[in-house]
file protein_33.tsv (TSV, C-alpha atoms)
chain	number	residue	atom	x	y	z
Q	1	MET	CA	-29.12	43.33	8.63
Q	2	ALA	CA	-28.35	39.76	9.74
Q	3	THR	CA	-27.23	38.88	6.20
Q	4	ARG	CA	-25.02	41.97	6.01
Q	5	ILE	CA	-23.34	41.18	9.32
Q	6	ILE	CA	-22.51	37.62	8.20
Q	7	ARG	CA	-21.33	38.86	4.79
Q	8	LEU	CA	-19.06	41.44	6.40
Q	9	TRP	CA	-17.55	38.94	8.84
Q	10	LEU	CA	-16.95	36.20	6.29
Q	11	GLY	CA	-15.82	38.56	3.52
Q	12	VAL	CA	-13.27	40.36	5.68
Q	13	THR	CA	-12.04	37.08	7.18
Q	14	TRP	CA	-11.49	35.48	3.78
Q	15	VAL	CA	-9.70	38.55	2.40
Q	16	TYR	CA	-7.52	38.64	5.51
Q	17	GLY	CA	-6.81	34.92	5.10
Q	18	GLY	CA	-5.60	35.53	1.55
Q	19	TRP	CA	-3.50	38.51	2.61
Q	20	ASN	CA	-1.99	36.56	5.49
Q	21	LYS	CA	-0.82	33.87	3.07
Q	22	ALA	CA	0.32	36.35	0.41
Q	23	THR	CA	2.60	38.19	2.84
Q	24	ASP	CA	3.89	35.02	4.54
Q	25	ALA	CA	7.45	34.42	3.36
Q	26	GLY	CA	7.16	30.70	4.12
Q	27	PHE	CA	3.77	29.81	2.62
Q	28	LEU	CA	5.17	29.24	-0.89
Q	29	ASN	CA	8.76	28.54	0.17
Q	30	ALA	CA	9.54	24.82	0.02
Q	31	ALA	CA	12.36	25.29	2.53
Q	32	SER	CA	10.03	26.69	5.17
Q	33	PRO	CA	8.54	24.53	7.95
Q	34	HIS	CA	5.13	26.07	7.24
Q	35	TYR	CA	5.26	25.73	3.47
Q	36	ILE	CA	1.84	24.72	2.09
Q	37	GLY	CA	3.33	21.37	1.06
Q	38	ALA	CA	4.66	20.77	4.59
Q	39	GLN	CA	1.24	21.59	6.01
Q	40	LEU	CA	-0.48	19.14	3.66
Q	41	ASN	CA	2.09	16.49	4.49
Q	42	GLY	CA	1.39	16.96	8.19
Q	43	TYR	CA	-2.30	16.17	7.64
Q	44	LEU	CA	-1.73	12.88	5.82
Q	45	THR	CA	-1.70	10.63	8.87
Q	46	THR	CA	-4.94	11.97	10.35
Q	47	SER	CA	-7.11	13.23	7.50
Q	48	PRO	CA	-9.92	11.07	6.05
Q	49	ILE	CA	-9.10	12.55	2.62
Q	50	HIS	CA	-5.39	11.70	2.84
Q	51	SER	CA	-5.35	10.20	-0.65
Q	52	ILE	CA	-6.55	13.50	-2.11
Q	53	LEU	CA	-4.03	15.46	-0.06
Q	54	GLN	CA	-1.26	13.17	-1.31
Q	55	HIS	CA	-2.00	14.22	-4.90
Q	56	MET	CA	-2.19	17.86	-3.83
Q	57	ILE	CA	1.29	17.70	-2.31
Q	58	GLU	CA	2.72	16.92	-5.74
Q	59	HIS	CA	1.51	20.35	-6.90
Q	60	ALA	CA	1.75	22.13	-3.56
Q	61	THR	CA	2.95	25.51	-4.84
Q	62	LEU	CA	0.20	25.65	-7.46
Q	63	ILE	CA	-2.33	24.63	-4.80
Q	64	GLY	CA	-0.98	27.40	-2.56
Q	65	TRP	CA	-1.51	30.02	-5.26
Q	66	GLY	CA	-4.99	28.64	-5.91
Q	67	VAL	CA	-5.99	28.76	-2.25
Q	68	MET	CA	-4.62	32.27	-1.82
Q	69	ILE	CA	-6.34	33.73	-4.90
Q	70	SER	CA	-9.57	31.85	-4.12
Q	71	GLU	CA	-9.68	33.32	-0.63
Q	72	PHE	CA	-9.27	36.81	-2.05
Q	73	ALA	CA	-11.90	36.20	-4.75
Q	74	ILE	CA	-14.47	34.68	-2.38
Q	75	GLY	CA	-13.94	37.43	0.19
Q	76	ILE	CA	-14.19	40.25	-2.35
Q	77	ALA	CA	-17.23	38.72	-4.04
Q	78	THR	CA	-18.94	38.30	-0.66
Q	79	LEU	CA	-18.30	41.91	0.30
Q	80	THR	CA	-19.36	43.35	-3.07
Q	81	GLY	CA	-22.22	40.97	-3.80
Q	82	VAL	CA	-20.80	39.76	-7.11
Q	83	ALA	CA	-21.89	36.17	-7.85
Q	84	LEU	CA	-22.79	35.99	-4.18
Q	85	GLU	CA	-24.39	32.55	-4.27
Q	86	LEU	CA	-21.35	31.01	-5.93
Q	87	ALA	CA	-19.06	32.82	-3.48
Q	88	THR	CA	-20.95	31.39	-0.49
Q	89	LEU	CA	-20.75	27.89	-1.93
Q	90	GLY	CA	-17.03	28.40	-2.53
Q	91	GLY	CA	-16.51	29.47	1.07
Q	92	PHE	CA	-18.55	26.51	2.28
Q	93	GLY	CA	-16.48	24.12	0.18
Q	94	MET	CA	-13.18	25.54	1.44
Q	95	SER	CA	-14.34	25.26	5.05
Q	96	ILE	CA	-15.36	21.64	4.58
Q	97	ILE	CA	-12.00	20.76	2.99
Q	98	LEU	CA	-10.13	22.49	5.82
Q	99	TRP	CA	-12.23	20.60	8.36
Q	100	LEU	CA	-11.48	17.25	6.69
Q	101	SER	CA	-7.78	18.00	6.53
Q	102	ALA	CA	-6.56	20.56	9.08
Q	103	SER	CA	-9.03	20.33	11.96
Q	104	TRP	CA	-10.38	16.79	11.64
Q	105	THR	CA	-8.60	15.67	14.81
Q	106	VAL	CA	-9.71	18.60	16.96
Q	107	LYS	CA	-11.71	17.27	19.89
Q	108	PRO	CA	-14.21	18.33	21.05
Q	109	TYR	CA	-15.43	19.61	17.71
Q	110	PHE	CA	-16.36	23.10	18.95
Q	111	LEU	CA	-12.67	23.96	19.40
Q	112	GLY	CA	-12.24	23.84	15.63
Q	113	SER	CA	-13.28	26.93	13.64
Q	114	ASP	CA	-13.70	25.28	10.24
Q	115	THR	CA	-17.04	23.62	11.04
Q	116	ALA	CA	-18.36	26.91	12.42
Q	117	TYR	CA	-17.35	28.72	9.23
Q	118	ALA	CA	-18.95	25.99	7.12
Q	119	VAL	CA	-22.25	26.50	8.97
Q	120	LEU	CA	-21.98	30.28	8.55
Q	121	TRP	CA	-21.37	29.95	4.81
Q	122	LEU	CA	-24.28	27.54	4.43
Q	123	ALA	CA	-26.58	29.85	6.40
Q	124	LEU	CA	-25.51	32.80	4.26
Q	125	PHE	CA	-26.18	30.82	1.08
Q	126	LEU	CA	-29.71	30.00	2.26
Q	127	LEU	CA	-30.33	33.62	3.24
Q	128	VAL	CA	-29.15	34.87	-0.13
Q	129	ARG	CA	-31.14	32.16	-1.92
Q	130	GLN	CA	-34.25	33.18	-0.03
Q	131	ASN	CA	-33.88	36.75	-1.24
Q	132	PHE	CA	-34.08	35.56	-4.84
Q	133	LYS	CA	-37.47	33.93	-4.76
Q	134	GLY	CA	-38.30	31.95	-7.84
Q	135	ARG	CA	-34.67	31.05	-8.53
Q	136	ARG	CA	-34.28	27.30	-8.31
Q	137	GLY	CA	-31.91	24.65	-9.58
Q	138	ILE	CA	-28.21	24.59	-10.31
Q	139	LYS	CA	-28.52	26.63	-13.49
Q	140	SER	CA	-29.68	29.64	-11.50
Q	141	LEU	CA	-26.31	29.68	-9.71
Q	142	ILE	CA	-24.40	30.22	-12.96
Q	143	PRO	CA	-23.72	33.92	-13.69
Q	144	ASN	CA	-25.34	35.34	-16.80
Q	145	LEU	CA	-22.36	35.53	-19.16
Q	146	SER	CA	-24.49	37.19	-21.84
Q	147	ASP	CA	-24.77	40.23	-19.56
Q	148	ARG	CA	-21.73	42.44	-20.17
Q	149	ARG	CA	-22.01	44.12	-16.80
Q	150	GLU	CA	-22.06	40.75	-15.04
Q	151	VAL	CA	-19.00	39.59	-16.98
Q	152	PHE	CA	-17.22	42.85	-16.18
Q	153	ARG	CA	-17.94	42.42	-12.46
Q	154	LEU	CA	-16.69	38.83	-12.48
Q	155	VAL	CA	-13.51	39.75	-14.34
Q	156	SER	CA	-12.96	42.68	-11.97
Q	157	VAL	CA	-13.15	40.40	-8.94
Q	158	GLY	CA	-10.65	38.04	-10.54
Q	159	ILE	CA	-8.24	40.85	-11.42
Q	160	VAL	CA	-8.42	42.36	-7.92
Q	161	ALA	CA	-7.89	38.92	-6.34
Q	162	VAL	CA	-4.79	38.21	-8.44
Q	163	GLY	CA	-3.54	41.77	-7.91
Q	164	ALA	CA	-3.91	41.43	-4.15
Q	165	ALA	CA	-1.97	38.15	-4.17
Q	166	LEU	CA	0.84	39.74	-6.20
Q	167	ALA	CA	0.83	42.85	-4.00
Q	168	GLY	CA	1.28	40.68	-0.94
Q	169	GLY	CA	4.21	38.95	-2.60
Q	170	LYS	CA	5.72	42.32	-3.49
Q	171	MET	CA	5.45	43.47	0.10
Q	172	ARG	CA	7.14	40.26	1.19
Q	173	THR	CA	9.98	40.97	-1.26
Q	174	ASN	CA	10.35	44.55	-0.09
Q	175	ASN	CA	10.75	43.35	3.49
Q	176	PRO	CA	13.57	40.80	3.22
Q	177	THR	CA	14.05	38.39	6.09
Q	178	PRO	CA	17.33	37.96	7.94
Q	179	GLU	CA	19.85	35.70	6.26
Q	180	ALA	CA	21.43	32.69	7.90
Q	181	GLY	CA	24.48	33.83	9.84
Q	182	THR	CA	22.86	37.06	11.01
Q	183	ALA	CA	23.14	37.61	14.76
Q	184	ILE	CA	19.92	36.85	16.64
Q	185	ALA	CA	21.13	38.08	20.02
Q	186	THR	CA	24.28	38.64	22.02
Q	187	LEU	CA	25.19	36.44	24.94
Q	188	ALA	CA	24.74	39.43	27.23
Q	189	GLU	CA	21.18	39.92	25.95
Q	190	LEU	CA	20.29	36.26	26.47
Q	191	PRO	CA	21.57	34.90	29.80
Q	192	ILE	CA	21.26	31.21	30.67
Q	193	GLY	CA	17.61	30.30	31.19
Q	194	ALA	CA	16.30	33.10	28.97
Q	195	THR	CA	14.31	32.92	25.72
Q	196	LYS	CA	13.82	35.27	22.79
Q	197	ASN	CA	11.38	35.36	19.89
Q	198	PHE	CA	12.97	36.11	16.51
Q	199	THR	CA	12.37	35.85	12.77
Q	200	ALA	CA	14.13	32.90	11.15
Q	201	ALA	CA	15.98	33.12	7.85
Q	202	ASP	CA	12.95	31.76	5.97
Q	203	GLY	CA	10.72	34.49	7.42
Q	204	SER	CA	8.91	32.29	9.93
Q	205	ALA	CA	8.39	33.11	13.59
Q	206	ALA	CA	10.85	31.30	15.86
Q	207	VAL	CA	11.97	31.15	19.48
Q	208	LEU	CA	15.51	30.91	20.85
Q	209	PHE	CA	16.50	29.21	24.13
Q	210	ARG	CA	19.75	29.32	26.08
Q	211	SER	CA	20.54	26.68	28.67
Q	212	LYS	CA	23.66	25.51	30.45
Q	213	ALA	CA	24.14	23.00	27.63
Q	214	GLY	CA	24.09	25.68	24.92
Q	215	VAL	CA	21.54	27.29	22.61
Q	216	PHE	CA	18.69	25.81	20.58
Q	217	ALA	CA	15.69	27.13	18.68
Q	218	TYR	CA	12.38	26.02	17.20
Q	219	SER	CA	9.86	27.29	14.72
Q	220	ARG	CA	6.85	28.86	16.43
Q	221	ILE	CA	4.53	27.58	13.70
Q	222	CYS	CA	2.25	24.94	15.19
Q	223	THR	CA	2.34	21.70	13.20
Q	224	HIS	CA	-1.41	21.29	13.61
Q	225	GLN	CA	-2.94	24.27	11.80
Q	226	GLY	CA	-0.18	26.84	11.42
Q	227	CYS	CA	-0.97	29.08	14.41
Q	228	THR	CA	1.90	30.80	16.24
Q	229	VAL	CA	2.86	29.18	19.53
Q	230	ASN	CA	4.12	31.08	22.57
Q	231	TYR	CA	6.50	30.03	25.32
Q	232	ASP	CA	4.91	29.66	28.75
Q	233	ALA	CA	7.58	29.86	31.44
Q	234	GLY	CA	5.24	28.55	34.13
Q	235	SER	CA	4.72	25.18	32.45
Q	236	ASN	CA	7.97	25.30	30.45
Q	237	THR	CA	6.06	24.48	27.27
Q	238	LEU	CA	5.35	26.09	23.94
Q	239	LEU	CA	1.58	26.53	23.78
Q	240	CYS	CA	-0.67	27.00	20.75
Q	241	PRO	CA	-3.44	29.54	21.47
Q	242	CYS	CA	-5.73	28.14	18.76
Q	243	HIS	CA	-6.37	24.52	19.71
Q	244	GLY	CA	-4.30	23.91	22.83
Q	245	ALA	CA	-1.35	21.95	21.44
Q	246	ALA	CA	1.65	21.93	23.80
Q	247	PHE	CA	5.30	21.19	23.00
Q	248	ASP	CA	8.24	20.45	25.32
Q	249	PRO	CA	11.31	22.53	24.34
Q	250	THR	CA	13.58	20.35	26.49
Q	251	LYS	CA	12.65	17.25	24.46
Q	252	ASP	CA	13.14	18.47	20.90
Q	253	ALA	CA	9.76	20.24	20.99
Q	254	ALA	CA	7.91	16.93	21.25
Q	255	VAL	CA	4.11	17.09	21.44
Q	256	VAL	CA	2.96	16.99	25.07
Q	257	SER	CA	-0.76	17.36	24.45
Q	258	GLY	CA	-3.30	18.57	21.91
Q	259	PRO	CA	-4.01	17.81	18.26
Q	260	ALA	CA	-0.57	18.56	16.76
Q	261	PRO	CA	0.70	15.51	14.81
Q	262	THR	CA	4.46	16.21	14.97
Q	263	PRO	CA	7.04	18.21	17.00
Q	264	LEU	CA	7.89	21.79	16.10
Q	265	ALA	CA	10.56	22.20	13.43
Q	266	LYS	CA	14.11	22.67	14.73
Q	267	ILE	CA	16.14	25.70	13.70
Q	268	LYS	CA	19.91	25.41	13.77
Q	269	VAL	CA	21.63	28.05	15.87
Q	270	ALA	CA	25.10	28.39	17.33
Q	271	ILE	CA	27.28	30.65	19.45
Q	272	LYS	CA	29.87	32.59	17.45
Q	273	GLY	CA	32.01	34.87	19.53
Q	274	ASN	CA	29.70	36.95	21.69
Q	275	SER	CA	26.68	36.40	19.44
Q	276	ILE	CA	24.09	33.74	18.75
Q	277	VAL	CA	23.42	33.16	15.04
Q	278	GLN	CA	21.26	30.97	12.86
Q	279	ILE	CA	23.36	28.59	10.77
call {"tool": "encode", "arguments": {"input": "protein_33.tsv", "output": "structure tokens"}}
result
Amino acid sequence: MATRIIRLWLGVTWVYGGWNKATDAGFLNAASPHYIGAQLNGYLTTSPIHSILQHMIEHATLIGWGVMISEFAIGIATLTGVALELATLGGFGMSIILWLSASWTVKPYFLGSDTAYAVLWLALFLLVRQNFKGRRGIKSLIPNLSDRREVFRLVSVGIVAVGAALAGGKMRTNNPTPEAGTAIATLAELPIGATKNFTAADGSAAVLFRSKAGVFAYSRICTHQGCTVNYDAGSNTLLCPCHGAAFDPTKDAAVVSGPAPTPLAKIKVAIKGNSIVQI
């Protein structure tokens, strides 16, 4: 039962992670502030594997597809039990890489989820390994490719993983995002001192402000690990619910506290007639 609970949690989480990326209009869009390449670039100054990340940036879109399909494949394999030992090692490896890149600067360590997932994947691997007594060595991890049923199961997982990634992209296409120039709000809807969340032209979450000086907007995608920040009127900051990063909207969304390496991305907006539009 313990093994099943861990498998269910990790499998569903990894499938959801793949789906989240597949349906994100900005993940593979080089113009988006949360494009996979922009995320990797943001980790360069703090990650101990920055040299590896630098090479990954050169092939960011391909890396993005690889991460997305891998998450689907690992999640599906974990839920179905296909090549389960390899799947657990794959999940462990992804968690370690994310820890060394995305959450390396999170202090104290228990605020970062990647190390916790790495431990869960390792524990699951040992539990699965224990259930196959007598299986030892690296060779025992390799699926039996002479077994047609095993090959069929492996191919099926791969096909479903790719299909899920493409289905997510199709859904993203069928739900087009607003184009630049589309009205975000009217002046009557957004009086001075008010804010409004909206979807930017690249599909990313954003927030609009109106002050006496005019209007301005920022991406709500945290520059630390891609979580969505929220505006807190009490502290007049944009707060990340994941790791506590805080940004000051009155100072070009500069980092006030937390692990975020850079300010939030600016989004150009302007007043046209009685409306506020993205330009």
call {"tool": "axis_aligned_box", "arguments": {"input": "protein_33.tsv", "around": "region 149-157 of chain Q", "padding_each_side": "5 Å", "output": "JSON"}}
result
{"center_x": -17.5, "center_y": 41.5, "center_z": -13.0, "size_x": 19.1, "size_y": 15.3, "size_z": 18.0}
call {"tool": "closest_residue", "arguments": {"input": "protein_33.tsv", "among": "Q:Leu53, Q:Leu111, Q:Leu122, Q:Ala206", "to": "Ile96 (chain Q)", "atoms": "all atoms listed in the file"}}
result
Q:Leu122
call {"tool": "atom_distance", "arguments": {"input": "protein_33.tsv", "atom1": "CA of Ala25 (chain Q)", "atom2": "CA of Ser204 (chain Q)"}}
result
7.1 Å
call {"tool": "residues_around", "arguments": {"input": "protein_33.tsv", "residues": "region 42-51 of chain Q", "least_positions_apart": "2", "cutoff": "12 Å", "atoms": "only C-alpha atoms", "output": "NGL selection string"}}
result
:Q and (33-40 or 53-58 or 96-106 or 222-226 or 259-265)
call {"tool": "atom_distance", "arguments": {"input": "protein_33.tsv", "atom1": "CA of Gln130 (chain Q)", "atom2": "CA of Val155 (chain Q)"}}
result
26.0 Å
call {"tool": "closest_residue", "arguments": {"input": "protein_33.tsv", "among": "Q:Asn144, Q:Ser95, Q:Thr195, Q:Ser70", "to": "Gly158 (chain Q)", "atoms": "all atoms listed in the file"}}
result
Q:Ser70
call {"tool": "residues_around", "arguments": {"input": "protein_33.tsv", "residues": "Ser275 (chain Q)", "least_positions_apart": "6", "cutoff": "7 Å", "atoms": "only C-alpha atoms", "output": "list in words"}}
result
Ala183, Ala185, Thr186 and Leu187 of chain Q
call {"tool": "atom_distance", "arguments": {"input": "protein_33.tsv", "atom1": "CA of Leu239 (chain Q)", "atom2": "CA of Leu10 (chain Q)"}}
result
27.3 Å
call {"tool": "residues_around", "arguments": {"input": "protein_33.tsv", "residues": "Ala165 (chain Q)", "least_positions_apart": "6", "cutoff": "10 Å", "atoms": "all atoms listed in the file", "output": "MDAnalysis selection string"}}
result
chainID Q and resid 18:23 65 68:72 159
call {"tool": "residues_near_point", "arguments": {"input": "protein_33.tsv", "point": "(1.9, 20.1, 22.1)", "cutoff": "7 Å", "atoms": "all atoms listed in the file", "output": "count of residues only"}}
result
10
call {"tool": "residues_near_point", "arguments": {"input": "protein_33.tsv", "point": "(8.9, 32.1, 8.6)", "cutoff": "9 Å", "atoms": "all atoms listed in the file", "output": "number ranges by chain"}}
result
Q: 24-27, 32-35, 177, 199-206, 219-221
call {"tool": "closest_residue", "arguments": {"input": "protein_33.tsv", "among": "Q:His59, Q:Tyr16, Q:Ala73, Q:Val215", "to": "Leu154 (chain Q)", "atoms": "all atoms listed in the file"}}
result
Q:Ala73
call {"tool": "residues_around", "arguments": {"input": "protein_33.tsv", "residues": "Ala213 (chain Q)", "least_positions_apart": "2", "cutoff": "12 Å", "atoms": "all atoms listed in the file", "output": "PyMOL selection string"}}
result
chain Q and resi 192-193+209-211+215-216+250+270-271
call {"tool": "closest_residue", "arguments": {"input": "protein_33.tsv", "among": "Q:Val229, Q:Tyr117, Q:Ile276, Q:Leu79", "to": "Leu190 (chain Q)", "atoms": "all atoms listed in the file"}}
result
Q:Ile276
call {"tool": "residues_around", "arguments": {"input": "protein_33.tsv", "residues": "Val119 (chain Q)", "least_positions_apart": "3", "cutoff": "12 Å", "atoms": "all atoms listed in the file", "output": "MDAnalysis selection string"}}
result
chainID Q and resid 6 10 88:89 91:96 99 113:116 122:126
call {"tool": "closest_residue", "arguments": {"input": "protein_33.tsv", "among": "Q:Ile5, Q:Val277, Q:Val82, Q:Val15", "to": "Gly168 (chain Q)", "atoms": "only C-alpha atoms"}}
result
Q:Val15
call {"tool": "decode", "arguments": {"input": "protein_33.tsv", "residues": "region 182-206 of chain Q", "atoms": "N, CA and C atoms", "output": "PDB file, in the first residue's frame"}}
result
ATOM      1  N   THR Q 182      -5.441  44.410 -28.065  1.00  0.00           N
ATOM      2  CA  THR Q 182      -6.755  44.084 -27.525  1.00  0.00           C
ATOM      3  C   THR Q 182      -6.951  44.782 -26.180  1.00  0.00           C
ATOM      4  N   ALA Q 183      -8.128  45.322 -25.963  1.00  0.00           N
ATOM      5  CA  ALA Q 183      -8.397  46.038 -24.712  1.00  0.00           C
ATOM      6  C   ALA Q 183      -8.315  45.096 -23.519  1.00  0.00           C
ATOM      7  N   ILE Q 184      -7.588  45.523 -22.490  1.00  0.00           N
ATOM      8  CA  ILE Q 184      -7.478  44.756 -21.252  1.00  0.00           C
ATOM      9  C   ILE Q 184      -8.571  45.171 -20.284  1.00  0.00           C
ATOM     10  N   ALA Q 185      -8.831  46.464 -20.231  1.00  0.00           N
ATOM     11  CA  ALA Q 185      -9.866  47.011 -19.344  1.00  0.00           C
ATOM     12  C   ALA Q 185     -10.200  48.420 -19.805  1.00  0.00           C
ATOM     13  N   THR Q 186     -11.328  48.912 -19.355  1.00  0.00           N
ATOM     14  CA  THR Q 186     -11.677  50.312 -19.610  1.00  0.00           C
ATOM     15  C   THR Q 186     -11.207  51.136 -18.418  1.00  0.00           C
ATOM     16  N   LEU Q 187     -11.081  52.415 -18.628  1.00  0.00           N
ATOM     17  CA  LEU Q 187     -10.665  53.300 -17.544  1.00  0.00           C
ATOM     18  C   LEU Q 187     -11.681  53.300 -16.409  1.00  0.00           C
ATOM     19  N   ALA Q 188     -12.947  53.128 -16.770  1.00  0.00           N
ATOM     20  CA  ALA Q 188     -13.994  53.085 -15.745  1.00  0.00           C
ATOM     21  C   ALA Q 188     -13.860  51.835 -14.882  1.00  0.00           C
ATOM     22  N   GLU Q 189     -13.423  50.733 -15.505  1.00  0.00           N
ATOM     23  CA  GLU Q 189     -13.266  49.473 -14.769  1.00  0.00           C
ATOM     24  C   GLU Q 189     -12.046  49.488 -13.855  1.00  0.00           C
ATOM     25  N   LEU Q 190     -11.050  50.316 -14.208  1.00  0.00           N
ATOM     26  CA  LEU Q 190      -9.797  50.319 -13.453  1.00  0.00           C
ATOM     27  C   LEU Q 190      -9.476  51.733 -12.979  1.00  0.00           C
ATOM     28  N   PRO Q 191     -10.065  52.159 -11.879  1.00  0.00           N
ATOM     29  CA  PRO Q 191      -9.776  53.510 -11.359  1.00  0.00           C
ATOM     30  C   PRO Q 191      -8.341  53.597 -10.847  1.00  0.00           C
ATOM     31  N   ILE Q 192      -7.868  54.797 -10.608  1.00  0.00           N
ATOM     32  CA  ILE Q 192      -6.515  55.010 -10.092  1.00  0.00           C
ATOM     33  C   ILE Q 192      -6.339  54.275  -8.761  1.00  0.00           C
ATOM     34  N   GLY Q 193      -5.241  53.524  -8.666  1.00  0.00           N
ATOM     35  CA  GLY Q 193      -4.973  52.745  -7.466  1.00  0.00           C
ATOM     36  C   GLY Q 193      -5.435  51.303  -7.554  1.00  0.00           C
ATOM     37  N   ALA Q 194      -6.134  50.949  -8.643  1.00  0.00           N
ATOM     38  CA  ALA Q 194      -6.651  49.593  -8.789  1.00  0.00           C
ATOM     39  C   ALA Q 194      -5.693  48.705  -9.588  1.00  0.00           C
ATOM     40  N   THR Q 195      -5.890  47.403  -9.486  1.00  0.00           N
ATOM     41  CA  THR Q 195      -5.103  46.423 -10.249  1.00  0.00           C
ATOM     42  C   THR Q 195      -6.060  45.419 -10.895  1.00  0.00           C
ATOM     43  N   LYS Q 196      -5.540  44.727 -11.928  1.00  0.00           N
ATOM     44  CA  LYS Q 196      -6.356  43.706 -12.583  1.00  0.00           C
ATOM     45  C   LYS Q 196      -5.449  42.631 -13.167  1.00  0.00           C
ATOM     46  N   ASN Q 197      -5.769  41.378 -12.891  1.00  0.00           N
ATOM     47  CA  ASN Q 197      -5.057  40.267 -13.521  1.00  0.00           C
ATOM     48  C   ASN Q 197      -5.603  40.068 -14.929  1.00  0.00           C
ATOM     49  N   PHE Q 198      -4.730  39.746 -15.873  1.00  0.00           N
ATOM     50  CA  PHE Q 198      -5.163  39.506 -17.252  1.00  0.00           C
ATOM     51  C   PHE Q 198      -4.206  38.542 -17.935  1.00  0.00           C
ATOM     52  N   THR Q 199      -4.574  38.097 -19.108  1.00  0.00           N
ATOM     53  CA  THR Q 199      -3.727  37.210 -19.902  1.00  0.00           C
ATOM     54  C   THR Q 199      -3.024  38.030 -20.967  1.00  0.00           C
ATOM     55  N   ALA Q 200      -1.698  37.998 -20.971  1.00  0.00           N
ATOM     56  CA  ALA Q 200      -0.920  38.778 -21.932  1.00  0.00           C
ATOM     57  C   ALA Q 200      -1.028  38.171 -23.328  1.00  0.00           C
ATOM     58  N   ALA Q 201      -0.517  38.900 -24.305  1.00  0.00           N
ATOM     59  CA  ALA Q 201      -0.615  38.449 -25.688  1.00  0.00           C
ATOM     60  C   ALA Q 201       0.124  37.145 -25.941  1.00  0.00           C
ATOM     61  N   ASP Q 202       1.145  36.839 -25.125  1.00  0.00           N
ATOM     62  CA  ASP Q 202       1.879  35.585 -25.315  1.00  0.00           C
ATOM     63  C   ASP Q 202       1.265  34.435 -24.523  1.00  0.00           C
ATOM     64  N   GLY Q 203       0.126  34.685 -23.877  1.00  0.00           N
ATOM     65  CA  GLY Q 203      -0.561  33.634 -23.137  1.00  0.00           C
ATOM     66  C   GLY Q 203      -0.186  33.534 -21.680  1.00  0.00           C
ATOM     67  N   SER Q 204       0.745  34.355 -21.220  1.00  0.00           N
ATOM     68  CA  SER Q 204       1.192  34.276 -19.827  1.00  0.00           C
ATOM     69  C   SER Q 204       0.291  35.108 -18.916  1.00  0.00           C
ATOM     70  N   ALA Q 205       0.284  34.720 -17.649  1.00  0.00           N
ATOM     71  CA  ALA Q 205      -0.485  35.470 -16.651  1.00  0.00           C
ATOM     72  C   ALA Q 205       0.203  36.806 -16.384  1.00  0.00           C
ATOM     73  N   ALA Q 206      -0.583  37.866 -16.244  1.00  0.00           N
ATOM     74  CA  ALA Q 206      -0.015  39.203 -16.054  1.00  0.00           C
ATOM     75  C   ALA Q 206      -0.908  40.004 -15.113  1.00  0.00           C
TER      76      ALA Q 206
END
